[in-house]
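Visitor: This is entry_17.cif, which holds mmCIF, C-alpha atoms and all ligand atoms:
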data_start
loop_
_atom_site.label_atom_id
_atom_site.label_comp_id
_atom_site.auth_asym_id
_atom_site.auth_seq_id
_atom_site.Cartn_x
_atom_site.Cartn_y
_atom_site.Cartn_z
CA MET P 1 126.52 71.46 81.77
CA THR P 2 126.50 75.10 80.67
CA THR P 3 128.00 75.99 77.33
CA ALA P 4 128.29 79.26 75.42
CA SER P 5 125.15 78.32 73.47
CA SER P 6 123.13 77.32 76.53
CA PRO P 7 123.25 80.13 79.05
CA LEU P 8 122.70 79.21 82.67
CA VAL P 9 119.07 79.28 83.67
CA PHE P 10 119.09 80.25 87.29
CA THR P 11 116.07 80.01 89.54
CA PRO P 12 116.81 81.69 92.85
CA SER P 13 116.17 79.59 95.93
CA ALA P 14 113.01 80.14 97.96
CA ASN P 15 115.17 82.11 100.43
CA ILE P 16 115.54 85.01 98.06
CA ALA P 17 112.90 84.38 95.42
CA GLN P 18 110.86 87.39 96.53
CA LEU P 19 113.86 89.62 97.18
CA ARG P 20 114.06 92.94 95.36
CA GLU P 21 117.38 94.63 94.80
CA SER P 22 117.96 97.65 97.05
CA ALA P 23 116.34 100.50 95.07
CA THR P 24 118.67 103.07 96.58
CA ILE P 25 121.74 101.09 95.55
CA ALA P 26 120.24 100.44 92.09
CA ALA P 27 119.56 104.16 91.60
CA SER P 28 123.08 104.99 92.61
CA ALA P 29 124.50 102.34 90.23
CA ARG P 30 122.44 103.76 87.33
CA ALA P 31 123.73 107.29 88.04
CA LYS P 32 127.31 105.99 88.18
CA ALA P 33 126.87 104.16 84.86
CA LEU P 34 125.58 107.33 83.17
CA LYS P 35 128.47 109.30 84.65
CA ALA P 36 130.90 106.72 83.28
CA GLN P 37 129.36 107.32 79.83
CA GLY P 38 130.35 110.98 80.21
CA LYS P 39 126.87 112.33 81.05
CA PRO P 40 126.97 115.36 83.39
CA ILE P 41 124.91 113.74 86.14
CA ILE P 42 123.99 115.65 89.27
CA ASP P 43 123.85 112.84 91.78
CA LEU P 44 121.24 113.52 94.45
CA GLY P 45 120.48 109.83 94.88
CA VAL P 46 123.19 108.99 97.33
CA GLY P 47 122.69 108.40 101.04
CA GLU P 48 126.19 109.16 102.21
CA PRO P 49 127.96 112.29 103.41
CA ASP P 50 130.08 113.92 100.70
CA PHE P 51 132.86 114.53 103.20
CA ASP P 52 136.09 112.70 103.83
CA THR P 53 136.46 110.73 107.02
CA PRO P 54 138.13 113.14 109.51
CA LEU P 55 141.92 112.95 109.44
CA PHE P 56 142.34 111.86 113.07
CA ILE P 57 140.25 108.75 112.31
CA ARG P 58 142.21 107.91 109.17
CA ASP P 59 145.46 108.40 111.10
CA ALA P 60 144.25 106.07 113.84
CA ALA P 61 143.52 103.42 111.22
CA LYS P 62 146.99 103.76 109.67
CA LEU P 63 148.61 103.45 113.06
CA ALA P 64 146.49 100.41 113.91
CA LEU P 65 147.53 98.72 110.66
CA ASP P 66 151.18 99.38 111.39
CA GLN P 67 150.68 97.94 114.85
CA GLY P 68 149.28 94.72 113.44
CA ALA P 69 145.50 95.18 113.28
CA THR P 70 145.32 92.73 110.41
CA ARG P 71 143.87 89.60 111.99
CA TYR P 72 140.51 88.25 113.07
CA THR P 73 138.99 89.69 116.21
CA ALA P 74 136.23 88.41 118.46
CA THR P 75 133.08 88.04 116.34
CA GLU P 76 131.23 90.67 118.37
CA GLY P 77 134.04 93.20 117.95
CA ILE P 78 137.04 94.36 119.95
CA LEU P 79 136.40 95.23 123.58
CA PRO P 80 137.61 98.88 123.35
CA LEU P 81 135.04 99.52 120.63
CA ARG P 82 132.22 97.86 122.50
CA GLU P 83 133.21 99.85 125.60
CA GLN P 84 133.05 103.08 123.64
CA VAL P 85 129.65 102.15 122.23
CA ALA P 86 128.44 101.41 125.75
CA ARG P 87 129.90 104.73 127.02
CA HIS P 88 127.99 106.69 124.37
CA ALA P 89 124.78 104.80 125.11
CA ASN P 90 125.15 105.40 128.84
CA ARG P 91 125.53 109.13 128.26
CA LEU P 92 122.02 109.09 126.79
CA ARG P 93 120.42 106.48 129.03
CA ALA P 94 117.60 107.58 131.34
CA PRO P 95 118.40 106.88 135.02
CA HIS P 96 115.61 104.29 135.37
CA LEU P 97 117.25 102.03 132.77
CA PRO P 98 120.04 99.59 133.65
CA PRO P 99 123.49 100.59 132.39
CA VAL P 100 124.56 99.33 128.99
CA MET P 101 127.44 96.86 129.31
CA ALA P 102 130.03 96.08 126.65
CA ASN P 103 128.80 92.49 126.50
CA GLU P 104 125.44 93.75 125.26
CA VAL P 105 127.05 95.23 122.14
CA VAL P 106 127.56 93.35 118.88
CA VAL P 107 129.54 95.17 116.20
CA GLY P 108 128.82 94.25 112.60
CA ALA P 109 129.84 95.24 109.09
CA GLY P 110 127.70 98.35 109.07
CA THR P 111 124.42 99.20 110.70
CA LYS P 112 122.88 97.15 107.92
CA GLN P 113 124.38 93.95 109.26
CA ALA P 114 123.44 94.88 112.82
CA LEU P 115 119.84 95.38 111.71
CA PHE P 116 119.82 92.14 109.79
CA ASN P 117 121.26 90.25 112.76
CA ALA P 118 118.55 91.72 114.99
CA CYS P 119 115.71 90.89 112.57
CA PHE P 120 117.00 87.36 112.11
CA ALA P 121 117.45 86.79 115.82
CA LEU P 122 114.10 88.23 116.90
CA PHE P 123 111.55 87.51 114.18
CA GLY P 124 110.37 84.40 112.37
CA PRO P 125 107.45 82.74 110.62
CA GLY P 126 104.06 83.92 111.87
CA ASP P 127 105.36 87.20 113.28
CA ASP P 128 103.97 90.54 112.11
CA VAL P 129 106.46 93.37 112.36
CA LEU P 130 105.16 96.93 112.18
CA ILE P 131 107.10 99.32 109.98
CA PRO P 132 106.12 102.99 110.03
CA VAL P 133 106.17 104.13 106.40
CA PRO P 134 107.89 105.81 104.61
CA ALA P 135 110.77 103.64 105.73
CA TRP P 136 114.25 102.76 104.66
CA THR P 137 113.95 100.26 101.86
CA SER P 138 115.89 97.42 103.52
CA TYR P 139 113.57 97.04 106.54
CA PHE P 140 110.89 95.33 104.44
CA GLU P 141 113.37 92.88 102.93
CA MET P 142 115.15 92.15 106.21
CA VAL P 143 111.91 91.30 107.97
CA ALA P 144 110.80 89.18 105.01
CA LEU P 145 114.18 87.39 104.86
CA ALA P 146 113.60 86.47 108.51
CA ARG P 147 110.35 84.91 107.16
CA ALA P 148 108.26 87.31 109.22
CA ASN P 149 105.60 89.58 107.78
CA PRO P 150 106.39 93.30 107.33
CA VAL P 151 103.28 95.40 108.05
CA SER P 152 103.45 98.96 106.74
CA VAL P 153 101.79 101.70 108.76
CA MET P 154 101.58 104.87 106.69
CA GLY P 155 102.38 108.16 108.38
CA ARG P 156 99.98 111.06 108.03
CA ARG P 157 100.66 113.66 105.37
CA ALA P 158 99.65 116.47 107.70
CA ASP P 159 102.09 115.14 110.25
CA ASN P 160 105.36 115.06 108.28
CA LEU P 161 104.52 111.44 107.40
CA LEU P 162 105.12 110.31 110.99
CA VAL P 163 102.90 107.77 112.74
CA ASP P 164 101.60 107.94 116.29
CA ALA P 165 100.91 105.34 118.95
CA ASP P 166 97.19 105.17 118.08
CA GLN P 167 97.91 104.29 114.48
CA LEU P 168 100.32 101.56 115.55
CA ALA P 169 97.83 100.18 118.06
CA LYS P 170 95.17 100.02 115.35
CA ALA P 171 97.50 98.28 112.90
CA ALA P 172 98.57 95.65 115.44
CA THR P 173 97.09 92.17 115.66
CA GLU P 174 97.68 89.24 118.01
CA ARG P 175 100.50 88.22 115.66
CA THR P 176 102.40 91.50 116.09
CA THR P 177 105.72 90.86 117.79
CA GLY P 178 107.92 93.71 116.64
CA LEU P 179 108.29 97.32 115.59
CA MET P 180 111.04 98.88 113.48
CA LEU P 181 111.61 102.52 114.43
CA ASN P 182 113.83 104.96 112.61
CA SER P 183 114.02 108.43 114.09
CA PRO P 184 115.39 110.51 112.45
CA CYS P 185 113.90 108.88 109.40
CA ASN P 186 115.37 108.01 106.05
CA PRO P 187 113.82 109.00 103.59
CA THR P 188 111.77 111.83 105.11
CA ALA P 189 114.35 113.53 107.38
CA ALA P 190 111.53 113.86 109.94
CA VAL P 191 112.13 113.27 113.65
CA TYR P 192 109.82 111.96 116.37
CA ASP P 193 109.64 114.44 119.23
CA ARG P 194 110.24 113.10 122.72
CA ALA P 195 106.57 112.97 123.68
CA ARG P 196 105.55 110.90 120.69
CA PHE P 197 108.62 108.68 120.84
CA THR P 198 107.82 108.02 124.53
CA GLU P 199 104.19 107.12 123.74
CA ILE P 200 105.21 104.73 121.00
CA LEU P 201 107.78 102.97 123.18
CA GLN P 202 105.27 102.80 126.03
CA LEU P 203 102.75 101.10 123.73
CA ALA P 204 105.39 98.62 122.54
CA HIS P 205 106.31 97.90 126.16
CA GLU P 206 102.70 97.29 127.16
CA ARG P 207 102.17 94.98 124.19
CA GLY P 208 105.45 93.12 124.71
CA TRP P 209 106.76 93.95 121.21
CA TRP P 210 110.40 93.87 120.34
CA VAL P 211 111.54 97.33 119.26
CA ILE P 212 114.47 97.82 116.92
CA SER P 213 115.37 101.50 117.04
CA ASP P 214 117.66 102.51 114.17
CA GLU P 215 119.29 105.77 115.26
CA ILE P 216 121.88 106.17 112.54
CA TYR P 217 120.89 109.79 111.74
CA ARG P 218 120.45 110.90 115.35
CA ARG P 219 123.57 113.06 115.50
CA LEU P 220 122.72 114.95 112.34
CA ALA P 221 119.58 116.79 113.52
CA TYR P 222 119.37 120.54 112.73
CA ASP P 223 116.62 122.03 114.81
CA PHE P 224 116.48 120.14 118.10
CA PRO P 225 118.43 117.11 119.38
CA ALA P 226 116.77 113.93 118.19
CA ALA P 227 115.92 111.66 121.12
CA SER P 228 117.39 108.20 121.46
CA ALA P 229 115.23 105.31 122.63
CA PHE P 230 117.67 105.11 125.56
CA GLU P 231 116.34 108.46 126.77
CA VAL P 232 112.64 107.66 126.62
CA ALA P 233 112.05 103.88 126.73
CA PRO P 234 110.27 102.57 129.83
CA SER P 235 112.48 99.47 129.77
CA ARG P 236 115.42 97.94 127.91
CA GLU P 237 113.96 94.45 128.17
CA ARG P 238 112.78 94.21 124.58
CA LEU P 239 114.76 97.05 123.09
CA VAL P 240 117.51 96.80 120.48
CA VAL P 241 119.20 100.09 119.58
CA VAL P 242 121.17 100.14 116.37
CA ASP P 243 123.64 102.77 115.26
CA GLY P 244 126.95 103.11 113.44
CA VAL P 245 129.72 105.43 112.32
CA ALA P 246 128.70 105.71 108.65
CA LYS P 247 126.69 108.91 108.62
CA SER P 248 127.82 110.90 111.68
CA TYR P 249 131.54 110.42 111.10
CA ALA P 250 131.49 110.23 107.27
CA MET P 251 132.64 106.60 107.43
CA THR P 252 130.25 104.80 105.07
CA GLY P 253 132.96 102.70 103.43
CA TRP P 254 134.50 101.49 106.67
CA ARG P 255 131.42 99.36 107.40
CA ILE P 256 131.04 99.57 111.14
CA GLY P 257 127.69 99.50 112.92
CA TRP P 258 126.38 97.89 116.07
CA ALA P 259 123.35 96.62 117.93
CA ILE P 260 122.88 97.07 121.68
CA ALA P 261 120.54 94.43 123.02
CA PRO P 262 119.77 92.47 126.19
CA ARG P 263 122.53 89.93 126.80
CA PRO P 264 120.75 86.79 125.47
CA VAL P 265 119.81 88.61 122.26
CA ALA P 266 123.35 89.95 121.87
CA HIS P 267 124.65 86.43 122.34
CA ALA P 268 122.28 85.07 119.67
CA MET P 269 123.22 87.81 117.22
CA ALA P 270 126.93 87.17 117.74
CA SER P 271 126.42 83.42 117.23
CA PHE P 272 124.56 84.12 114.01
CA GLN P 273 127.26 86.52 112.81
CA SER P 274 129.93 83.94 113.65
CA HIS P 275 128.53 81.84 110.79
CA THR P 276 128.06 84.64 108.29
CA THR P 277 130.86 87.21 108.31
CA SER P 278 132.66 86.74 111.65
CA ASN P 279 134.09 90.05 112.86
CA PRO P 280 133.82 93.31 110.93
CA ALA P 281 137.11 94.51 109.39
CA THR P 282 139.70 94.81 112.13
CA VAL P 283 141.24 98.05 110.92
CA SER P 284 137.79 99.64 110.64
CA GLN P 285 137.05 98.71 114.23
CA HIS P 286 140.18 100.55 115.36
CA ALA P 287 139.18 103.58 113.29
CA ALA P 288 135.75 103.49 114.95
CA VAL P 289 137.34 103.40 118.41
CA ALA P 290 139.12 106.67 117.58
CA ALA P 291 135.90 108.20 116.24
CA LEU P 292 133.96 107.34 119.39
CA ALA P 293 136.72 107.89 121.96
CA ARG P 294 138.09 111.25 120.83
CA ASP P 295 135.12 113.53 121.45
CA ASP P 296 137.30 116.65 121.35
CA GLU P 297 138.12 115.98 117.70
CA ALA P 298 134.94 114.21 116.62
CA GLU P 299 132.43 116.76 117.90
CA PRO P 300 133.77 119.72 115.86
CA ALA P 301 133.91 117.48 112.77
CA ILE P 302 130.26 116.48 113.22
CA ALA P 303 129.24 120.08 113.91
CA ALA P 304 131.01 121.28 110.75
CA MET P 305 129.17 118.69 108.64
CA VAL P 306 125.80 119.56 110.15
CA THR P 307 126.46 123.28 109.53
CA GLU P 308 127.17 122.61 105.87
CA PHE P 309 124.13 120.35 105.49
CA ARG P 310 121.97 122.97 107.20
CA LYS P 311 123.20 125.63 104.73
CA ARG P 312 122.13 123.38 101.85
CA ARG P 313 118.81 122.54 103.50
CA ASP P 314 118.06 126.24 104.05
CA ALA P 315 118.95 127.06 100.43
CA CYS P 316 116.53 124.33 99.29
CA LEU P 317 113.74 125.51 101.56
CA ALA P 318 114.20 129.07 100.23
CA ILE P 319 113.80 127.77 96.67
CA LEU P 320 110.77 125.66 97.60
CA ALA P 321 109.16 128.57 99.46
CA ASP P 322 108.49 130.19 96.10
CA GLY P 323 105.06 128.54 96.15
CA ASN P 324 104.71 126.76 92.82
CA ALA P 325 106.83 123.82 93.95
CA PRO P 326 106.25 120.30 95.26
CA PRO P 327 105.24 119.95 98.92
CA VAL P 328 108.10 118.79 101.14
CA VAL P 329 108.34 117.05 104.52
CA HIS P 330 110.05 119.49 106.87
CA PRO P 331 113.67 118.27 106.88
CA ALA P 332 114.79 118.30 110.52
CA VAL P 333 117.94 116.30 109.90
CA ALA P 334 120.66 115.81 107.30
CA PHE P 335 120.62 114.97 104.45
CA TYR P 336 117.40 114.23 102.61
CA LEU P 337 114.43 116.10 101.18
CA PHE P 338 111.24 114.14 100.59
CA LEU P 339 109.04 115.74 97.96
CA ASP P 340 105.46 114.99 96.95
CA VAL P 341 105.40 114.57 93.17
CA ALA P 342 101.88 113.13 92.90
CA GLY P 343 100.28 114.19 89.64
CA ALA P 344 103.58 115.16 88.01
CA ALA P 345 104.34 111.74 86.49
CA ASP P 346 102.73 108.37 86.20
CA GLY P 347 103.96 104.79 85.98
CA PRO P 348 103.35 101.28 87.32
CA ASP P 349 105.50 101.92 90.41
CA GLY P 350 103.90 105.26 91.19
CA ALA P 351 104.57 108.90 90.46
CA GLY P 352 107.89 108.98 92.31
CA MET P 353 109.59 106.21 90.32
CA ALA P 354 108.29 107.56 87.00
CA PHE P 355 109.39 111.05 87.95
CA ALA P 356 112.86 109.87 89.04
CA ALA P 357 113.32 107.97 85.75
CA ARG P 358 112.39 111.02 83.64
CA LEU P 359 114.47 113.31 85.79
CA LEU P 360 117.53 111.15 85.32
CA GLU P 361 117.19 110.55 81.59
CA GLU P 362 116.05 114.05 80.59
CA GLN P 363 117.47 116.33 83.26
CA HIS P 364 120.45 114.25 84.35
CA VAL P 365 119.55 114.46 88.02
CA ALA P 366 119.66 111.23 90.04
CA THR P 367 117.12 110.81 92.88
CA VAL P 368 115.15 107.85 94.28
CA GLY P 369 111.44 107.20 93.70
CA GLY P 370 109.30 106.89 96.83
CA ALA P 371 108.05 103.37 96.07
CA ALA P 372 111.42 102.18 97.37
CA PHE P 373 110.32 103.50 100.76
CA GLY P 374 106.67 102.44 100.61
CA ALA P 375 105.47 105.91 99.51
CA PRO P 376 104.92 105.76 95.73
CA ASP P 377 103.84 109.41 95.28
CA TRP P 378 107.07 110.78 96.69
CA LEU P 379 110.64 111.43 95.63
CA ARG P 380 113.77 111.43 97.78
CA MET P 381 116.59 113.78 96.94
CA SER P 382 119.80 113.89 98.89
CA THR P 383 121.66 117.06 99.82
CA ALA P 384 124.94 115.19 100.15
CA ALA P 385 126.44 117.03 97.18
CA PRO P 386 127.99 120.47 96.66
CA LEU P 387 125.58 123.37 97.29
CA ALA P 388 125.53 124.42 93.62
CA ASP P 389 124.57 120.87 92.54
CA VAL P 390 121.90 120.60 95.19
CA THR P 391 120.23 123.89 94.25
CA GLU P 392 120.54 123.27 90.50
CA GLY P 393 119.18 119.74 90.93
CA LEU P 394 116.24 121.06 92.92
CA ARG P 395 115.51 123.72 90.28
CA ARG P 396 115.37 121.00 87.63
CA ILE P 397 113.07 118.92 89.86
CA ILE P 398 110.74 121.89 90.25
CA ALA P 399 110.79 122.61 86.49
CA LEU P 400 109.94 118.99 85.68
CA TRP P 401 107.25 118.96 88.38
CA ARG P 402 105.64 122.08 86.91
CA ALA P 403 105.81 120.65 83.39
CA GLY P 404 104.43 117.32 84.59
CA ARG P 405 101.53 118.93 86.43
CA ALA P 406 100.75 121.19 83.48
CA GLY P 407 100.71 118.17 81.15
CA GLN P 408 98.30 116.07 83.25
C1 LIG J 501 118.00 104.23 108.05
C2 LIG J 501 119.27 103.55 107.69
N1 LIG J 501 119.70 102.52 108.45
C3 LIG J 501 120.83 101.86 108.16
C4 LIG J 501 121.60 102.23 107.08
C5 LIG J 501 122.86 101.43 106.79
O1 LIG J 501 123.95 102.02 107.34
P1 LIG J 501 125.41 101.35 107.29
O2 LIG J 501 126.13 102.05 106.19
O3 LIG J 501 126.00 101.60 108.64
O4 LIG J 501 125.22 99.91 107.01
C6 LIG J 501 121.21 103.28 106.26
C7 LIG J 501 122.01 103.64 105.08
O5 LIG J 501 121.61 104.36 104.21
C8 LIG J 501 120.02 103.96 106.58
O6 LIG J 501 119.60 104.98 105.84
#
Could you express the structure from this file as structure tokens?
Ligand SMILES: Cc1ncc(COP(=O)(O)O)c(C=O)c1O
Guide:
Amino acid sequence: MTTASSPLVFTPSANIAQLRESATIAASARAKALKAQGKPIIDLGVGEPDFDTPLFIRDAAKLALDQGATRYTATEGILPLREQVARHANRLRAPHLPPVMANEVVVGAGTKQALFNACFALFGPGDDVLIPVPAWTSYFEMVALARANPVSVMGRRADNLLVDADQLAKAATERTTGLMLNSPCNPTAAVYDRARFTEILQLAHERGWWVISDEIYRRLAYDFPAASAFEVAPSRERLVVVDGVAKSYAMTGWRIGWAIAPRPVAHAMASFQSHTTSNPATVSQHAAVAALARDDEAEPAIAAMVTEFRKRRDACLAILADGNAPPVVHPAVAFYLFLDVAGAADGPDGAGMAFAARLLEEQHVATVGGAAFGAPDWLRMSTAAPLADVTEGLRRIIALWRAGRAGQ
């Protein structure tokens, strides 16, 4: 029995014993706590658009609530939403691929759940899963929670930290069964061009690997349209494409994402979800239908966000062009900058974490250290904040970087 004098000693189960808290969420919680203490924090740690969900989507949700969208739905999501997801996928799909059907779509509580469902359904003990690095922090944990082995493949510095098919082929073993792709990439904001994306998917096809392609930032590219796996994959047989409304439609809090997978995989993911969360929030599904169905209203809203993010990106690149500033991966997509802070700070989790900690405590700027993404020398800053905050935050980063380098 636990009493006030004998606090509970909790040993996590083997399921989560190795689990680390999401570093991006932890960084954001720390910034929020400092803000609550009255500190003037510039928050460049967040990974969500600083825009409101477009009004037509909010209105659709209100209407749906008034019309009774308050009950459970099918686990895999309401049919109109799955049809819209399929419609969008089919607009991208290369002619040699079979059409995407609504019964190949499973809607979850965010892209995060869709990714977790896919990892759990596809991977297990003994499987190696290749993860091009830097990578979104949750991929490593999701693969490990599925009791498979995440294998990091580091992108080349001279190549915007992207990997190529040769590197993946070299990293593969006979145990390799899967590949997690994320183009455009969080944290680097780099994008695989069509040729390289095609080569990578061709290699995966030849080797019989499952590919999970997380395309959540695809609509937010600045310079050239980011390709979807549906445009370049040789086959859909072992392909799971994951996307959601969070980033493109400024709908992070609504928690709607989906996986598009061959029918037996979709069925397995839905069965799994039926025992975890059941359907994602009903009202959010209706909001997502409006977002996906009403192109005439959604497209200008997306374009306006991308224009604003591009303005901030360009302002940052102008500041960084000064010369005496940290190297940056060319940001081809909203809304991250990935900066090399090697030599400007030092700590057990690498330069990036040490730099981020100093930056927050001394300069009141929240960012995320690169170790969270498998790249310890780097720092991720977000541009999802007002222009003045973004440029001021970057100036403080540069000042600390210069001081750190001078002090080494
Ligand atoms: C690469 C990547 N995938 C998935 C997600 C999760 O998105 P959602 O909010 O739809 O769960 C994020 C969120 O930051 C992300 O950066």
Visitor: What does the structure give for the distance between CA of Asn117 in chain P and CA of Val240 in chain P, in Å to one decimal?
Guide: 10.8 Å
Visitor: Have a look at P:Ala293, P:Val46, P:Val151, P:Ala227 and name the one nearest to ligand LIG 501 (chain J); count only C-alpha atoms and all ligand atoms.
Guide: P:Val46
Visitor: Mind giving me the straight-line distance from CA of Leu168 in chain P to CA of Pro184 in chain P in Å, one decimal?
Guide: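 Computed distance, CA of Leu168 in chain P to CA of Pro184 in chain P, equals 17.8 Å.
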Visitor: Distance limit 8 Å, reference ligand LIG 501 (chain J), atoms considered: only C-alpha atoms and all ligand atoms. Which residues make the cut? Give them as a list in words.
Guide: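 Final answer, ordered by chain and number: Gly47, Glu48, Ala109, Gly110, Thr111, Lys112, Gln113, Ala114, Leu115, Ala135, Trp136, Asn182, Cys185, Asn186, Pro187, Asp214, Glu215, Ile216, Tyr217, Asp243, Gly244, Val245, Ala246, Lys247, Thr252, Gly253, Arg255, Ile256 and Gly257 of chain P.
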Visitor: Taking (116.5, 88.3, 126.6) in the file's coordinates as the center, which residues reach within 8 Å of it, counting all atoms listed in the file, put as a list in words?
Guide: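 Nearby residues: Glu237, Arg238, Pro262, Arg263, Pro264 and Val265 of chain P.
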